[in-house]
Each structure stands twice: as C-alpha cells, then as structure tokens.
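Peer 1: So I've got this file, model.cif, and it contains mmCIF, C-alpha atoms:
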data_target
#
loop_
_atom_site.label_atom_id
_atom_site.label_comp_id
_atom_site.auth_asym_id
_atom_site.auth_seq_id
_atom_site.Cartn_x
_atom_site.Cartn_y
_atom_site.Cartn_z
CA MET A 16 -7.59 -14.50 -31.72
CA ALA A 17 -4.59 -15.64 -33.79
CA ASN A 18 -2.49 -16.18 -30.65
CA ARG A 19 -5.25 -18.28 -29.09
CA LYS A 20 -5.42 -20.48 -32.18
CA ILE A 21 -1.66 -21.01 -32.11
CA ARG A 22 -1.71 -21.91 -28.39
CA GLU A 23 -4.55 -24.38 -28.89
CA LYS A 24 -2.25 -26.44 -31.13
CA LEU A 25 0.55 -26.64 -28.58
CA VAL A 26 1.24 -29.12 -25.79
CA LEU A 27 3.60 -28.53 -22.82
CA LYS A 28 5.48 -31.67 -21.80
CA PRO A 29 8.93 -32.95 -20.76
CA VAL A 30 11.76 -33.04 -23.30
CA ASP A 31 13.80 -36.26 -23.25
CA GLU A 32 16.84 -37.79 -24.96
CA GLY A 33 14.74 -38.64 -27.99
CA HIS A 34 14.44 -34.90 -28.68
CA LEU A 35 18.20 -34.22 -28.45
CA GLU A 36 18.60 -33.12 -32.05
CA GLN A 37 15.63 -30.73 -31.81
CA PHE A 38 16.90 -29.45 -28.45
CA ASN A 39 20.25 -28.50 -29.99
CA LYS A 40 18.73 -27.18 -33.18
CA LEU A 41 16.58 -24.74 -31.20
CA LEU A 42 19.57 -23.66 -29.10
CA ARG A 43 21.74 -23.02 -32.14
CA TYR A 44 18.98 -21.02 -33.83
CA VAL A 45 18.11 -18.86 -30.84
CA PHE A 46 21.71 -18.12 -29.83
CA GLN A 47 23.00 -17.96 -33.43
CA VAL A 48 25.72 -20.55 -32.87
CA THR A 49 27.48 -21.05 -36.20
CA SER A 50 29.64 -23.90 -37.46
CA LYS A 51 32.59 -21.50 -37.18
CA ASP A 52 31.81 -20.95 -33.49
CA LEU A 53 31.77 -24.70 -32.93
CA LEU A 54 35.08 -25.23 -34.70
CA GLU A 55 36.70 -22.45 -32.69
CA GLY A 56 35.38 -24.12 -29.55
CA GLY A 57 37.10 -27.35 -30.55
CA TYR A 58 34.01 -29.26 -31.68
CA GLU A 59 33.91 -31.51 -34.69
CA ASP A 60 30.78 -32.05 -36.76
CA GLY A 61 28.02 -33.54 -34.60
CA GLU A 62 30.13 -33.54 -31.45
CA LEU A 63 28.19 -30.72 -29.77
CA ILE A 64 24.95 -32.66 -30.02
CA ARG A 65 26.55 -35.73 -28.49
CA SER A 66 28.22 -33.66 -25.76
CA LYS A 67 24.86 -32.24 -24.69
CA LEU A 68 23.34 -35.69 -24.12
CA PRO A 69 24.65 -36.04 -20.52
CA MET A 70 23.11 -32.65 -19.68
CA LEU A 71 19.77 -33.70 -21.11
CA GLU A 72 19.98 -36.94 -19.12
CA ARG A 73 20.79 -35.09 -15.86
CA ALA A 74 18.53 -32.11 -16.28
CA ASP A 75 14.79 -31.52 -16.19
CA VAL A 76 13.76 -30.08 -19.54
CA PHE A 77 10.30 -28.86 -20.47
CA GLY A 78 9.06 -27.70 -23.83
CA TRP A 79 6.10 -26.66 -25.91
CA PHE A 80 5.43 -28.93 -28.87
CA ASN A 81 3.47 -28.36 -32.06
CA GLY A 82 2.76 -31.94 -32.92
CA ASP A 83 6.16 -33.65 -32.79
CA ASN A 84 8.06 -30.39 -33.25
CA LEU A 85 9.75 -28.70 -30.28
CA VAL A 86 9.12 -24.93 -30.52
CA SER A 87 10.02 -23.58 -27.05
CA GLN A 88 12.08 -24.98 -24.19
CA VAL A 89 13.69 -24.45 -20.80
CA CYS A 90 16.30 -26.63 -19.08
CA ILE A 91 16.89 -26.93 -15.32
CA TYR A 92 20.46 -28.00 -14.68
CA PRO A 93 20.97 -29.56 -11.21
CA CYS A 94 23.79 -27.83 -9.31
CA THR A 95 25.15 -27.31 -5.81
CA VAL A 96 26.24 -23.89 -4.54
CA ASN A 97 27.73 -22.33 -1.43
CA ILE A 98 25.47 -19.70 0.15
CA HIS A 99 27.38 -18.03 3.00
CA GLY A 100 28.92 -21.36 3.99
CA ARG A 101 25.72 -23.41 3.68
CA ILE A 102 25.47 -25.85 0.75
CA TYR A 103 22.22 -25.55 -1.22
CA ASP A 104 20.88 -27.53 -4.15
CA MET A 105 20.42 -25.05 -6.99
CA GLY A 106 18.43 -25.17 -10.22
CA GLY A 107 20.41 -23.62 -13.04
CA ILE A 108 18.15 -22.27 -15.76
CA THR A 109 19.68 -22.74 -19.23
CA GLY A 110 18.76 -23.79 -22.75
CA VAL A 111 16.01 -21.15 -22.85
CA GLY A 112 14.59 -20.46 -26.28
CA THR A 113 11.52 -20.03 -28.47
CA TYR A 114 11.31 -19.92 -32.25
CA PRO A 115 10.37 -16.37 -33.34
CA GLU A 116 7.07 -17.38 -34.95
CA TYR A 117 5.92 -18.58 -31.50
CA ALA A 118 7.21 -15.55 -29.54
CA GLY A 119 4.98 -13.14 -27.68
CA ILE A 120 2.23 -15.57 -26.70
CA GLY A 121 3.41 -16.38 -23.18
CA LEU A 122 5.10 -19.73 -23.82
CA MET A 123 8.26 -18.91 -21.85
CA SER A 124 6.29 -17.48 -18.94
CA ASP A 125 4.45 -20.78 -18.64
CA LEU A 126 7.69 -22.77 -18.94
CA LEU A 127 9.36 -20.77 -16.16
CA ARG A 128 6.34 -21.30 -13.91
CA VAL A 129 6.58 -25.05 -14.54
CA ALA A 130 10.35 -24.88 -13.96
CA LEU A 131 9.87 -23.22 -10.57
CA LYS A 132 7.38 -25.88 -9.51
CA SER A 133 9.79 -28.60 -10.63
CA MET A 134 12.69 -27.02 -8.71
CA ARG A 135 10.55 -26.79 -5.60
CA GLU A 136 9.67 -30.48 -5.88
CA LYS A 137 13.39 -31.29 -6.23
CA ARG A 138 14.19 -29.17 -3.14
CA GLN A 139 16.29 -26.77 -5.20
CA TRP A 140 15.58 -23.75 -3.03
CA ILE A 141 17.51 -21.27 -5.19
CA SER A 142 17.98 -20.79 -8.93
CA TYR A 143 20.73 -19.13 -10.98
CA LEU A 144 20.70 -18.08 -14.64
CA TYR A 145 22.69 -16.07 -17.15
CA PRO A 146 20.36 -13.28 -18.35
CA TYR A 147 20.13 -12.55 -22.05
CA ASN A 148 17.30 -10.16 -21.16
CA ILE A 149 17.60 -8.71 -17.65
CA PRO A 150 14.19 -6.93 -17.59
CA PHE A 151 12.38 -10.12 -18.65
CA TYR A 152 13.93 -12.23 -15.89
CA ARG A 153 13.46 -9.49 -13.32
CA HIS A 154 9.78 -9.52 -14.18
CA LYS A 155 9.82 -13.28 -13.44
CA GLY A 156 11.49 -12.87 -10.05
CA TRP A 157 15.24 -13.17 -10.71
CA GLU A 158 17.68 -10.42 -9.75
CA ILE A 159 21.37 -9.64 -10.33
CA MET A 160 23.54 -11.47 -7.79
CA SER A 161 27.13 -11.21 -9.11
CA ASP A 162 29.38 -9.02 -11.22
CA MET A 163 32.15 -9.68 -13.71
CA VAL A 164 35.14 -7.35 -13.81
CA SER A 165 36.97 -7.40 -17.16
CA PHE A 166 40.45 -5.88 -16.98
CA THR A 167 43.42 -5.03 -19.17
CA VAL A 168 46.91 -4.48 -17.72
CA SER A 169 49.80 -3.40 -19.95
CA ASP A 170 53.13 -5.18 -19.55
CA ALA A 171 54.63 -2.03 -18.01
CA LYS A 172 52.04 -2.00 -15.22
CA LEU A 173 52.34 -5.64 -14.12
CA PRO A 174 53.11 -6.13 -10.41
CA LYS A 175 56.79 -6.22 -9.45
CA GLN A 176 58.22 -9.61 -8.59
CA VAL A 177 58.05 -10.31 -4.85
CA ASP A 178 59.60 -13.04 -2.74
CA VAL A 179 57.24 -15.91 -1.90
CA PRO A 180 58.19 -19.21 -0.24
CA GLY A 181 56.34 -21.36 -2.78
CA TYR A 182 56.57 -22.00 -6.52
CA VAL A 183 54.43 -22.45 -9.65
CA GLU A 184 54.17 -25.49 -11.91
CA ARG A 185 52.43 -25.57 -15.30
CA GLY A 186 50.21 -28.53 -16.12
CA GLU A 187 47.00 -29.82 -17.62
CA ILE A 188 43.75 -28.00 -16.93
CA ASP A 189 42.24 -31.14 -15.40
CA HIS A 190 45.20 -31.82 -13.11
CA PRO A 191 43.96 -33.20 -9.76
CA ASP A 192 45.53 -30.24 -7.92
CA VAL A 193 43.48 -27.80 -10.04
CA LEU A 194 40.27 -29.64 -9.17
CA LYS A 195 41.26 -29.98 -5.52
CA THR A 196 42.15 -26.29 -5.16
CA TYR A 197 38.95 -25.11 -6.80
CA ASP A 198 36.85 -27.38 -4.57
CA HIS A 199 38.58 -26.00 -1.47
CA PHE A 200 38.01 -22.47 -2.77
CA ALA A 201 34.33 -23.05 -3.64
CA ARG A 202 33.50 -24.55 -0.25
CA ARG A 203 34.71 -21.40 1.48
CA THR A 204 33.48 -18.85 -1.09
CA HIS A 205 29.94 -17.49 -1.03
CA GLY A 206 27.97 -17.92 -4.27
CA ALA A 207 30.40 -20.37 -5.88
CA LEU A 208 29.41 -23.52 -7.72
CA ILE A 209 30.58 -26.79 -6.16
CA ARG A 210 31.76 -28.40 -9.41
CA ASN A 211 31.40 -32.10 -10.06
CA GLU A 212 32.74 -33.86 -13.16
CA ASP A 213 29.76 -32.81 -15.29
CA ASP A 214 30.09 -29.19 -14.12
CA TRP A 215 33.75 -29.13 -15.16
CA GLU A 216 32.76 -30.48 -18.57
CA GLU A 217 30.15 -27.70 -18.89
CA TYR A 218 32.82 -25.19 -17.76
CA TRP A 219 34.72 -25.99 -20.97
CA ARG A 220 31.66 -26.26 -23.21
CA TRP A 221 32.41 -23.28 -25.44
CA GLU A 222 36.18 -23.20 -25.21
CA ASN A 223 38.97 -25.11 -26.84
CA GLU A 224 40.48 -26.56 -23.69
CA GLU A 225 43.34 -28.13 -25.65
CA GLU A 226 44.78 -24.63 -26.02
CA ARG A 227 44.41 -23.71 -22.32
CA ILE A 228 47.09 -24.14 -19.66
CA ALA A 229 46.89 -24.38 -15.88
CA ALA A 230 49.57 -22.95 -13.61
CA VAL A 231 49.31 -24.13 -9.99
CA TYR A 232 50.90 -22.39 -7.02
CA TYR A 233 52.34 -24.66 -4.27
CA ASN A 234 53.29 -23.39 -0.82
CA GLU A 235 56.32 -24.50 1.25
CA LYS A 236 54.52 -27.68 2.27
CA ARG A 237 53.90 -28.46 -1.42
CA GLU A 238 50.17 -27.89 -0.93
CA PRO A 239 48.30 -26.44 -3.93
CA THR A 240 46.81 -23.11 -2.83
CA GLY A 241 46.00 -21.36 -6.10
CA PHE A 242 45.89 -21.64 -9.87
CA VAL A 243 45.44 -19.60 -13.00
CA ILE A 244 43.94 -20.99 -16.22
CA TYR A 245 45.30 -19.08 -19.18
CA TRP A 246 46.50 -18.97 -22.77
CA VAL A 247 48.84 -16.68 -24.71
CA GLU A 248 47.73 -15.46 -28.12
CA GLN A 249 48.86 -12.54 -30.30
CA ASP A 250 51.06 -11.10 -27.55
CA ILE A 251 48.23 -11.14 -25.00
CA PHE A 252 48.19 -13.20 -21.81
CA HIS A 253 44.51 -14.22 -21.41
CA ILE A 254 43.28 -15.22 -17.93
CA LYS A 255 40.18 -17.39 -17.92
CA GLU A 256 40.08 -17.74 -14.15
CA MET A 257 42.39 -17.16 -11.21
CA VAL A 258 41.70 -18.85 -7.87
CA TYR A 259 43.76 -18.37 -4.73
CA LEU A 260 43.29 -19.41 -1.12
CA ASP A 261 45.58 -16.78 0.43
CA MET A 262 47.61 -13.69 -0.42
CA GLU A 263 50.80 -15.70 -0.81
CA SER A 264 49.37 -17.73 -3.68
CA ARG A 265 47.90 -14.58 -5.25
CA LYS A 266 51.34 -12.94 -5.27
CA GLY A 267 52.96 -16.12 -6.55
CA LEU A 268 50.54 -16.38 -9.47
CA TRP A 269 51.10 -12.73 -10.43
CA ASN A 270 54.85 -13.39 -10.27
CA PHE A 271 54.27 -16.14 -12.82
CA ILE A 272 52.14 -13.89 -15.04
CA GLY A 273 54.70 -11.09 -14.80
CA ALA A 274 57.47 -13.45 -15.88
CA HIS A 275 55.87 -13.35 -19.36
CA TYR A 276 56.58 -9.60 -19.74
CA SER A 277 59.12 -10.10 -22.54
CA MET A 278 56.68 -12.06 -24.71
CA ILE A 279 53.42 -10.14 -24.18
CA ASP A 280 52.11 -6.61 -24.54
CA GLU A 281 49.28 -6.89 -22.03
CA VAL A 282 47.23 -9.14 -19.74
CA GLN A 283 43.48 -9.49 -20.21
CA GLY A 284 41.23 -11.33 -17.81
CA LYS A 285 38.11 -11.48 -15.72
CA ILE A 286 37.35 -11.35 -12.00
CA TYR A 287 33.96 -12.73 -10.98
CA LYS A 288 33.07 -10.39 -8.18
CA ASN A 289 33.26 -6.66 -7.60
CA GLU A 290 36.88 -6.70 -6.44
CA PRO A 291 38.79 -4.05 -8.40
CA LEU A 292 42.25 -5.30 -9.32
CA ALA A 293 43.65 -1.76 -9.48
CA PHE A 294 43.97 -1.55 -5.69
CA PHE A 295 46.36 -4.53 -5.73
CA LEU A 296 48.72 -3.07 -8.34
CA ASP A 297 51.51 -0.54 -7.78
CA ASP A 298 50.30 1.42 -10.80
CA SER A 299 46.50 1.46 -10.62
CA GLU A 300 45.98 3.20 -13.96
CA ILE A 301 44.47 0.19 -15.74
CA THR A 302 41.27 -0.48 -17.64
CA GLU A 303 38.44 -2.19 -15.74
CA THR A 304 34.85 -2.72 -16.78
CA ILE A 305 32.26 -3.94 -14.26
CA THR A 306 29.17 -5.60 -15.71
CA PRO A 307 26.33 -7.61 -14.12
CA TYR A 308 26.92 -11.32 -14.66
CA TYR A 309 24.51 -13.87 -13.15
CA MET A 310 21.03 -13.56 -11.67
CA ALA A 311 19.54 -15.52 -8.76
CA ARG A 312 16.07 -16.22 -7.48
CA ILE A 313 14.81 -17.83 -4.29
CA VAL A 314 12.53 -20.68 -5.35
CA ASP A 315 10.90 -21.34 -1.97
CA VAL A 316 11.21 -18.54 0.60
CA LYS A 317 10.26 -20.59 3.66
CA ALA A 318 12.65 -23.45 2.89
CA PHE A 319 15.47 -21.09 1.91
CA LEU A 320 15.11 -19.05 5.11
CA GLU A 321 15.10 -22.16 7.29
CA LEU A 322 18.70 -22.89 6.20
CA PHE A 323 20.00 -19.34 5.83
CA PRO A 324 22.94 -18.66 8.23
CA PHE A 325 21.84 -15.43 9.90
CA ILE A 326 24.45 -14.05 12.32
CA GLY A 327 23.47 -13.42 15.95
CA LEU A 328 19.73 -13.74 15.35
CA LYS A 329 17.97 -12.53 18.52
CA THR A 330 14.79 -10.60 17.83
CA PRO A 331 11.95 -11.97 15.66
CA PHE A 332 11.09 -10.07 12.50
CA HIS A 333 9.09 -10.87 9.38
CA PHE A 334 9.37 -10.43 5.65
CA VAL A 335 6.26 -9.52 3.66
CA VAL A 336 7.10 -10.94 0.22
CA SER A 337 5.49 -10.42 -3.16
CA ASP A 338 6.23 -12.86 -5.99
CA PRO A 339 4.78 -12.42 -9.51
CA VAL A 340 5.12 -16.09 -10.49
CA ALA A 341 5.46 -18.46 -7.52
CA GLU A 342 2.30 -17.98 -5.50
CA TRP A 343 3.65 -19.99 -2.52
CA ASN A 344 6.13 -17.15 -1.90
CA ASN A 345 3.48 -14.48 -1.40
CA GLY A 346 2.81 -13.60 2.23
CA ILE A 347 4.42 -13.33 5.66
CA PHE A 348 7.60 -15.20 6.57
CA CYS A 349 8.56 -14.62 10.17
CA VAL A 350 12.07 -15.50 11.32
CA ALA A 351 11.06 -16.38 14.86
CA GLY A 352 14.25 -17.98 16.18
CA THR A 353 16.28 -21.16 15.81
CA GLU A 354 15.34 -24.75 16.51
CA ASN A 355 17.29 -28.00 15.93
CA GLY A 356 19.92 -26.22 13.83
CA LYS A 357 17.41 -24.46 11.58
CA ASN A 358 15.64 -21.12 11.63
CA ARG A 359 12.03 -21.34 12.74
CA ILE A 360 9.88 -19.77 10.02
CA THR A 361 6.21 -19.04 10.70
CA ASP A 362 3.42 -17.02 9.09
CA GLU A 363 2.88 -14.92 12.23
CA PRO A 364 3.62 -11.18 11.91
CA LEU A 365 6.01 -11.05 14.87
CA GLY A 366 8.48 -8.18 15.22
CA ASN A 367 9.07 -5.48 12.65
CA PRO A 368 7.79 -5.96 9.07
CA ILE A 369 10.08 -5.80 6.04
CA ALA A 370 8.10 -5.49 2.80
CA LEU A 371 9.94 -6.34 -0.41
CA SER A 372 9.72 -8.27 -3.68
CA ILE A 373 11.18 -11.72 -4.31
CA GLN A 374 13.79 -10.04 -6.54
CA THR A 375 14.99 -7.75 -3.75
CA LEU A 376 14.92 -10.52 -1.14
CA SER A 377 17.07 -12.72 -3.39
CA ALA A 378 19.68 -10.01 -4.02
CA LEU A 379 19.62 -8.96 -0.35
CA LEU A 380 20.28 -12.43 1.06
CA MET A 381 22.93 -13.07 -1.59
CA ASN A 382 24.51 -9.82 -0.25
CA TYR A 383 24.85 -8.40 -3.75
CA ARG A 384 23.88 -5.06 -2.23
CA SER A 385 23.25 -4.01 1.37
CA ALA A 386 19.92 -3.49 3.10
CA SER A 387 20.56 0.27 3.33
CA TYR A 388 21.23 0.39 -0.43
CA PHE A 389 17.86 -1.23 -1.16
CA ALA A 390 16.15 0.96 1.44
CA ASP A 391 17.52 4.07 -0.26
CA LEU A 392 16.05 2.81 -3.54
CA GLU A 393 12.74 2.22 -1.74
CA ARG A 394 12.90 -1.48 -2.62
CA ILE A 395 12.73 -2.32 1.09
CA ARG A 396 9.96 -0.79 3.18
CA THR A 397 10.77 -0.83 6.89
CA ASP A 398 12.19 1.42 9.62
CA THR A 399 15.80 2.52 9.99
CA GLU A 400 16.55 0.29 12.97
CA THR A 401 15.36 -2.80 11.13
CA VAL A 402 17.59 -1.92 8.16
CA LYS A 403 20.56 -1.76 10.55
CA MET A 404 19.51 -5.08 12.08
CA LEU A 405 19.47 -6.72 8.62
CA GLU A 406 22.96 -5.45 7.87
CA ASN A 407 24.20 -7.02 11.11
CA ILE A 408 22.63 -10.46 10.66
CA ILE A 409 23.25 -11.03 6.91
CA PRO A 410 26.83 -12.32 6.34
CA ASN A 411 28.99 -9.66 4.69
CA GLN A 412 30.46 -11.75 1.86
CA GLU A 413 30.38 -10.75 -1.80
CA PRO A 414 29.04 -13.47 -4.13
CA TYR A 415 31.46 -15.11 -6.57
CA PHE A 416 30.28 -17.07 -9.60
CA SER A 417 32.61 -17.82 -12.52
CA ASP A 418 30.70 -20.54 -14.36
CA TYR A 419 28.42 -20.41 -17.38
CA PHE A 420 25.69 -22.82 -18.37
#
Represent the structure contained in this file as structure tokens.

Peer 2:
Amino acid sequence: MANRKIREKLVLKPVDEGHLEQFNKLLRYVFQVTSKDLLEGGYEDGELIRSKLPMLERADVFGWFNGDNLVSQVCIYPCTVNIHGRIYDMGGITGVGTYPEYAGIGLMSDLLRVALKSMREKRQWISYLYPYNIPFYRHKGWEIMSDMVSFTVSDAKLPKQVDVPGYVERGEIDHPDVLKTYDHFARRTHGALIRNEDDWEEYWRWENEEERIAAVYYNEKREPTGFVIYWVEQDIFHIKEMVYLDMESRKGLWNFIGAHYSMIDEVQGKIYKNEPLAFFLDDSEITETITPYYMARIVDVKAFLELFPFIGLKTPFHFVVSDPVAEWNNGIFCVAGTENGKNRITDEPLGNPIALSIQTLSALLMNYRSASYFADLERIRTDTETVKMLENIIPNQEPYFSDYF
C-alpha cells in the first residue's frame, strides 16, 4: 500500500539540460563521489557539473520525478562499437541511480524498459554497461562480455630488452598519433569502442590526465603502431592502457617500460581481455587477477542477427529466445541464409532449434564463452552437432573493452 502511494506521486519523463545539477547530485550521492575524489581527478569546484553537460546534451536520459525533484534516473550514452569487424551503434547505459527512500518499488526496472525501447528506436541494436550489481542486470537481460586482468610485475621479472627496428617517443596523451593508433586498433578489434572526441573526454573523466604520459612506438617507416598510457608514482610504473598493432610494437613498448627498472620497484597495469601476460614473460611468476568487467545485451535480436558476420553459414537453424524485459525478443529467430549482404532472419522454425535466454545469446555472439561451454552449463538447449556448428560459424575473437562510462 505504501509503495503504491509513493508511485502514484511520481512521473516518468525525459531529463534535460535544465536538470543538470540534479542529475549530478543524484550521481554523486549514489556513487559516493566526494570532493576529495573530484580534486584527485583534477576537477575544480563545479567543473564536474559543467563537464557532464555535453553528455547530457548527447545522451537520452530518463528519470522519475516527484514534483520537480529527480529521484531516479538512467542515461543512454550513444556509442559505436566493433562486433567481429561489423560496426554497430551501441547504447551505453550509465548514470544509473535511485535515492534510497525510493528504492525497491520497481523504478529502475521501468527505466530500463523505457531505455531499451529508446535504444531500439535509435537503432542501437546492442547495449553495454558497467555492472555495480551483476545479478540485477542479469535479471534484466545483460550478461558479462569482457574481462579485466590486473597484473603486478616486479622490476626483476620485467622482459629482457630485445632488438626492434623501431623506437619510442614520449608525448601528450592527446597526440594525434595516439588517437590514430587507437582508432586503427579499435576498427580491427572485436568489442572495442570506436572513440570520437566526446568518448576520449569521457575516457579521462575520473583521472587527472595532466599527470599521465603517452609513449608511442614507431616502426621503421615511422608509422605509429602502438602506445602505452602511463604514470610513475611512488616507485610504481602504472599502465592505464597499452595498445599495439603487432608483436614488434608490443616488444618495443615493453623495452620502454623495462628501461625504467632503476627507478621503479614494480609495474602495475590492466589488460582488458582474458589474455594472461605471464605467457609473454620469461619469468611467468607474476600476480594476475581476472575479474568480469563489462556486460552486454542485445537490444533487438532480429536486427542484430541481420548484421552479425557468421562464418560459412550454410544450413538454416533457429534460436528460440526468452527475454524478461523486451517482449519483441521473445520467440523464434531463424537464420535462413544471406540476402543483399545481410542475414535473412525469419520466424519460421527451420533447421535445428537452439533454446536460450537473451543473456546467453548476448554472451555467445560476443564470444565471451563458447557454445560448448554454455551447453555444458545447460544454458543452451540443443543437440551436439548444432553446438559444433555454432562454434564454427561464430568468429573466434575475444572481446576487448577498455573504456568506462
């Protein structure tokens, strides 16, 4: 009864620039962002609010209001990502929060349902988010799609210097060669965000970029083929991100890191896919921690499947999908062949059935785990031959995602 009375007072509507201060106030409360956090991130008083204005102008934001007061919100950040070599528009879910006195009455569930409808209208066929509560988002249809490997390497275990034909130059983090190299990398790397100017600004949102340095590797032709963004503090070489287009640039960047051995005790960093660094090092006795990072969700199954780059598709088959939130994703989706450069998707039950949830379908097509892995967990219900067929036609590329929004 009390919950119904509270809900009767509330109105769900778009959040615009006029609500910027309330938008940020809710974010800071929910995520416990302190003034100290802002100062350490390089923000002066009031600067964070102003810096969020472009996001609010670009994004679709929906909220529940009690009168003029914003009490719950969700933000859909427009992005572009590489899915197995195909470029998709993606809706990045961020800015999620509800004041505690309004929790537990289904406000966020309604906001996510509205968000999915909005993404579908904008032709954003897939959505990413950083999960503060994995079970909650799983229940709403998202699933883990990428890992983050945190590592620590002592100075004694750094790779030995090796001969490479190129060289490294230090420079500003926004040097054109950094941006150019990342763009080249992202357009050939499954899962990666294709960063525009606003995305790069969001990339630095919670960091003091004035204290970060970029080191770019150039090959013999003076072409930038890799970079590392880093800082040195209290005898630790911190790696924010390392990007390389080939093994030569990878070796060259580790040569550069190793050249700091006399001024550091260890290297700490992150790798944004399940690619253990230990195998690359001469001495593999290092510390690595693998944790789930981002989650993904297919917004519209039919539209997503039409563009998906299956390999050697020959025999029709059909998914039988269940979706707890987006009713348009419930049913049969038959991959019947190709036509005019797209997959032909029908609602006919042709070929072998593959029954699964929207969560499993999302993780499967992102290739976070294989079809046989999901079959062993009984999250895919089909026969053994169809599982093998799926493993042959889904590109075998691990997803990479290093951003945060």

Peer 1: Hey, what's within 7 Å of Gly346 of chain A if we count all atoms listed in the file and toss same-chain stuff fewer than 2 positions away? As a PDB file with C-alpha atoms, keeping the file's coordinate frame, please?

Peer 2:
ATOM      1  CA  VAL A 335       6.260  -9.520   3.660  1.00  0.00           C
ATOM      2  CA  VAL A 336       7.100 -10.940   0.220  1.00  0.00           C
ATOM      3  CA  SER A 337       5.490 -10.420  -3.160  1.00  0.00           C
ATOM      4  CA  ASN A 344       6.130 -17.150  -1.900  1.00  0.00           C
ATOM      5  CA  PHE A 348       7.600 -15.200   6.570  1.00  0.00           C
TER       6      PHE A 348
END

Peer 1: Take atom CA of Tyr415 of chain A and atom CA of Arg153 of chain A and report the distance between them in Å, one decimal.

Peer 2: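 Interatomic distance, atom CA of Tyr415 of chain A to atom CA of Arg153 of chain A: 20.0 Å.
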
Peer 1: Exactly which residues make up the result of the PyMOL selection byres ((chain A and resi 375) around 10) on this file, given as a PyMOL selection string?

Peer 2: chain A and resi 153+156-159+312+336-337+370-374+376-381+383-384+386+389+394-395

Peer 1: Excluding same-chain residues fewer than 5 positions from Phe332 of chain A, what lies within 7 Å of it counting all atoms listed in the file, as a PyMOL selection string?

Peer 2: chain A and resi 349-351+365-368

Peer 1: Let me know the residues the PyMOL selection byres ((chain A and resi 231-235) around 8) catches in the file above, as a PyMOL selection string.

Peer 2: chain A and resi 180-186+192-193+229-230+236-243+264+267-268

Peer 1: Rebuild N, CA and C atoms on segment 78-96 of chain A, as a PDB file, in the coordinates of the input?

Peer 2:
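Printed below is selection-v1.pdb as written:
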ATOM      1  N   GLY A  78       9.212 -28.414 -22.567  1.00  0.00           N
ATOM      2  CA  GLY A  78       9.060 -27.700 -23.830  1.00  0.00           C
ATOM      3  C   GLY A  78       7.625 -27.668 -24.309  1.00  0.00           C
ATOM      4  N   TRP A  79       7.364 -26.722 -25.193  1.00  0.00           N
ATOM      5  CA  TRP A  79       6.100 -26.660 -25.910  1.00  0.00           C
ATOM      6  C   TRP A  79       6.296 -27.346 -27.261  1.00  0.00           C
ATOM      7  N   PHE A  80       5.354 -28.194 -27.620  1.00  0.00           N
ATOM      8  CA  PHE A  80       5.430 -28.930 -28.870  1.00  0.00           C
ATOM      9  C   PHE A  80       4.236 -28.593 -29.753  1.00  0.00           C
ATOM     10  N   ASN A  81       4.511 -28.435 -31.039  1.00  0.00           N
ATOM     11  CA  ASN A  81       3.470 -28.360 -32.060  1.00  0.00           C
ATOM     12  C   ASN A  81       3.515 -29.683 -32.805  1.00  0.00           C
ATOM     13  N   GLY A  82       2.659 -30.583 -32.408  1.00  0.00           N
ATOM     14  CA  GLY A  82       2.760 -31.940 -32.920  1.00  0.00           C
ATOM     15  C   GLY A  82       4.007 -32.588 -32.346  1.00  0.00           C
ATOM     16  N   ASP A  83       4.898 -33.051 -33.235  1.00  0.00           N
ATOM     17  CA  ASP A  83       6.160 -33.650 -32.790  1.00  0.00           C
ATOM     18  C   ASP A  83       7.302 -32.640 -32.770  1.00  0.00           C
ATOM     19  N   ASN A  84       7.004 -31.400 -33.101  1.00  0.00           N
ATOM     20  CA  ASN A  84       8.060 -30.390 -33.250  1.00  0.00           C
ATOM     21  C   ASN A  84       8.213 -29.547 -31.978  1.00  0.00           C
ATOM     22  N   LEU A  85       9.429 -29.503 -31.449  1.00  0.00           N
ATOM     23  CA  LEU A  85       9.750 -28.700 -30.280  1.00  0.00           C
ATOM     24  C   LEU A  85       9.890 -27.233 -30.705  1.00  0.00           C
ATOM     25  N   VAL A  86       9.108 -26.335 -30.084  1.00  0.00           N
ATOM     26  CA  VAL A  86       9.120 -24.930 -30.520  1.00  0.00           C
ATOM     27  C   VAL A  86       9.562 -23.969 -29.415  1.00  0.00           C
ATOM     28  N   SER A  87       9.599 -24.431 -28.160  1.00  0.00           N
ATOM     29  CA  SER A  87      10.020 -23.580 -27.050  1.00  0.00           C
ATOM     30  C   SER A  87      10.481 -24.480 -25.914  1.00  0.00           C
ATOM     31  N   GLN A  88      11.530 -24.075 -25.191  1.00  0.00           N
ATOM     32  CA  GLN A  88      12.080 -24.980 -24.190  1.00  0.00           C
ATOM     33  C   GLN A  88      12.767 -24.232 -23.063  1.00  0.00           C
ATOM     34  N   VAL A  89      12.896 -24.920 -21.922  1.00  0.00           N
ATOM     35  CA  VAL A  89      13.690 -24.450 -20.800  1.00  0.00           C
ATOM     36  C   VAL A  89      14.303 -25.666 -20.125  1.00  0.00           C
ATOM     37  N   CYS A  90      15.548 -25.525 -19.688  1.00  0.00           N
ATOM     38  CA  CYS A  90      16.300 -26.630 -19.080  1.00  0.00           C
ATOM     39  C   CYS A  90      16.692 -26.245 -17.660  1.00  0.00           C
ATOM     40  N   ILE A  91      16.499 -27.158 -16.724  1.00  0.00           N
ATOM     41  CA  ILE A  91      16.890 -26.930 -15.320  1.00  0.00           C
ATOM     42  C   ILE A  91      18.063 -27.850 -15.013  1.00  0.00           C
ATOM     43  N   TYR A  92      19.216 -27.253 -14.881  1.00  0.00           N
ATOM     44  CA  TYR A  92      20.460 -28.000 -14.680  1.00  0.00           C
ATOM     45  C   TYR A  92      20.701 -28.152 -13.176  1.00  0.00           C
ATOM     46  N   PRO A  93      20.799 -29.379 -12.652  1.00  0.00           N
ATOM     47  CA  PRO A  93      20.970 -29.560 -11.210  1.00  0.00           C
ATOM     48  C   PRO A  93      22.381 -29.203 -10.753  1.00  0.00           C
ATOM     49  N   CYS A  94      22.496 -28.306  -9.788  1.00  0.00           N
ATOM     50  CA  CYS A  94      23.790 -27.830  -9.310  1.00  0.00           C
ATOM     51  C   CYS A  94      23.799 -27.774  -7.781  1.00  0.00           C
ATOM     52  N   THR A  95      24.980 -27.511  -7.252  1.00  0.00           N
ATOM     53  CA  THR A  95      25.150 -27.310  -5.810  1.00  0.00           C
ATOM     54  C   THR A  95      25.983 -26.050  -5.627  1.00  0.00           C
ATOM     55  N   VAL A  96      25.531 -25.151  -4.746  1.00  0.00           N
ATOM     56  CA  VAL A  96      26.240 -23.890  -4.540  1.00  0.00           C
ATOM     57  C   VAL A  96      26.445 -23.612  -3.057  1.00  0.00           C
TER      58      VAL A  96
END
